[in-house]
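Q: Handing you this structure, nothing more for now.
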Amino acid sequence: MTNVSPNLAIGIDIGGTNSEYGIVNHRGEILVKGKIRTDTYNTVEPYIEELYNNLMPIIETYGKLGKIIGIGVGAPNANYYKGIIEYAPNLRWNGVVPLAQLITDKFGLRCTLTNDANAAALGEMIYGAAKGFRDFIMVTLGTGMGSALVCNRQLVYGQDGYAGELGHTTIIRGGRKHWKTDILGSLESYVSATGVVLTAKEVLQQSNEESSLREYSLDQINSRLVYECAIKGDKVAQEVYRYTGQILGEALANFVMVSSPEAIVLFGGLIKAGELFLAPAREHMEKNLLPLYKDKVKIILSELNEADAAILGASSLVWELPHVSPV
């Protein structure tokens with residue numbers, strides 16, 4: 001017989017523009033979901049009030065069918081240990097926000113908070129491609145690059161809650177300046193949608209090779225345009241993805257030799273370029289590994305629906321609490 005748990009979790013993903021929420025069962029099925037604006041509020045209190053007004057009717061309905069046992073939140077600059085958001089640059093709330101405690105006080109449910117990449121890793125471990133893995137690295141490739149380290153089925157948080165920021169490690173000494181941190185040559189400034197655009201502009205400015213990208217001004221070039229040109233066979237656009245994959249592969253070799261994972265799980269818009277991006281990533285990872293690490297680590301793609309992944313990842317925090325099991 002299948003053991004069906006009545007337990008339900010709430011997952012909330014806080015983005016700079018919108019916040020998405022949903023009620024999730026132990027199978028990773030989102031029973032109901034919705035969203036509210038994040039950027040409408042200059043302070044967190046009215047934001048939580050609107051979140052409460054939207055979620056409480058759902059909680060009352062689904063609380064009768066199953067037991068909602070907690071709330072998980074994925075957010076930028078979130079500290080798992082302290083339950084706070086600290087100086088998130090893409091949120092309008094200033095300073096340090098004790099979000100987990102505010103949500104617990106308002107809803108009467110335990111709230112656990114972590115950053116969005118850590119939430120994504122938990123989502124893959126419980127619902128997705130990392131099921132059964134004890135050691136893996138999660139890499140999210142969107143506007144920026146997020147990452148998380150899982151060792152022995154435990155997220156690595158470090159002494160202060162901020163371990164695993166692989167995107168801000170330096171991959172090219174004296175390389176391009178990051179648009180927010182001002183660090184030179186960090187991985188995120190190359191391997192992200194923003195990095196793809198910066199690389200495309202550099203290639204166009206430094207070479208005379210024909211490309212359909214030259215039909216546009218530099219200000220018009222975005223990651224979608226580079227992708228569309230690449231899949232249509234544009235050589236310059238394809239070289240942008242090849243180079244981006246190479247940089248990722250070289251960085252992954254470093255990370256593999258630090259934590260010796262079973263797999264690296266990739267999620268986000270860049271993976272839509274397929275082998276244009278993935279083949280050079282695999283090639284250059286293997287090329288830069290010591291022999292004892294070669295041919296041991298898989299590069300695999302997320303199995304979560306992109307539209308649902310953030311909610312699922314956040315809800316996974318509830319199941320990962322020491323006293324809670326989804327089954």
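In the structure tokens, each chain is lettered A, B, ... as it comes, each chain's residues begin at 1, and ligands are numbered from 1 in order of appearance.
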Quick one: which range 177-206 of chain A residues come within 8 Å of range 233-253 of chain A, and what is the nearest atom pair for each with the distance in Å to one decimal, counting only C-alpha atoms, rows ordered by chain and ascending number, as a tab-separated table?
A:
residue	atom	partner	partner_atom	distance
A:Leu187	CA	A:Ala251	CA	7.6
A:Tyr190	CA	A:Thr244	CA	6.4
A:Val191	CA	A:Thr244	CA	5.8
A:Val196	CA	A:Val240	CA	6.7
A:Thr199	CA	A:Val240	CA	6.3
A:Ala200	CA	A:Val240	CA	5.9
A:Val203	CA	A:Val236	CA	7.5
A:Leu204	CA	A:Val236	CA	7.9
Q: Check the DSSP output for the backbone and give back, as a VMD selection string, the residues of range 78-120 of chain A in strand (DSSP E).
A: chain A and resid 78 to 79 84 to 86 96 to 97 111 to 114
Q: Given the choices A:Asn115, A:Asn25, A:Ser316, A:Thr43, which gets closest to Pro6 in chain A if the distance is worked out from only C-alpha atoms?
A: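 The answer is A:Asn25, which sits nearest to Pro6 in chain A.
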Q: Just how far from CA of Ile126 in chain A is CA of His26 in chain A, in Å to one decimal?
A: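 So the answer is 9.0 Å.
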Q: For CA of Asn90 in chain A and CA of Thr38 in chain A, determine how far apart the two atoms are, in Å to one decimal place.
A: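 Result for CA of Asn90 in chain A versus CA of Thr38 in chain A: 10.2 Å, one decimal.
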Q: Would you please extract all alpha helix (DSSP H) residues from range 204-278 of chain A, as assigned by DSSP on the backbone, and give them as number ranges by chain?
A: A: 204-206, 223-231, 235-259, 275-278
Q: Considering only C-alpha atoms, return as a PyMOL selection string whatever protein or nucleic-acid residues lie within 12 Å of Leu91 in chain A, sequence-local ones (same chain, fewer than 3 positions apart) excluded.
A: chain A and resi 14-19+37-44+47+75-78+85-88+94-97
Q: Write out as a short mmCIF file (atom, residue, chain, number, x, y, z; two decimals) with C-alpha atoms, in the first residue's frame each polymer residue whose atoms come within 12 Å of Lys35 in chain A, counting only C-alpha atoms; drop sequence neighbours fewer than 4 positions from it.
A:
data_model
loop_
_atom_site.label_atom_id
_atom_site.label_comp_id
_atom_site.auth_asym_id
_atom_site.auth_seq_id
_atom_site.Cartn_x
_atom_site.Cartn_y
_atom_site.Cartn_z
CA GLY A 11 6.22 27.50 -0.06
CA ILE A 12 6.87 31.20 -0.69
CA ASP A 13 9.44 32.54 -3.14
CA ILE A 14 10.24 36.23 -2.73
CA GLY A 15 11.50 37.97 -5.84
CA THR A 17 9.05 42.15 -8.40
CA ASN A 18 6.67 39.36 -7.37
CA SER A 19 6.30 36.80 -4.60
CA GLU A 20 4.86 33.41 -5.52
CA TYR A 21 3.25 31.08 -3.02
CA GLY A 22 1.65 27.66 -3.01
CA TYR A 47 3.71 43.14 2.56
CA GLU A 50 -1.21 41.26 2.08
CA LEU A 51 0.46 37.86 2.07
CA TYR A 52 -1.69 36.91 5.06
CA ASN A 53 -4.89 38.14 3.44
CA ASN A 54 -4.16 36.09 0.32
CA LEU A 55 -3.02 32.93 2.05
CA ASP A 308 6.88 25.71 -10.11
CA ALA A 310 10.70 28.24 -6.70
CA ILE A 311 7.57 27.29 -4.75
#
Q: Taking only C-alpha atoms into account, which of A:Ser5, A:Ser217, A:Thr181, A:Ser302 comes nearest Ala263 in chain A?
A: A:Ser302
Q: How many Å lie between CA of Ala314 in chain A and CA of Ala120 in chain A, rounded to one decimal?
A: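 The value is 7.4 Å.
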Q: Using only C-alpha atoms, which residues sit within 10 Å of Cys111 in chain A once same-chain residues fewer than 2 positions away are excluded, as a PyMOL selection string?
A: chain A and resi 10-11+69-73+83+99-105+107-109+113+317-318
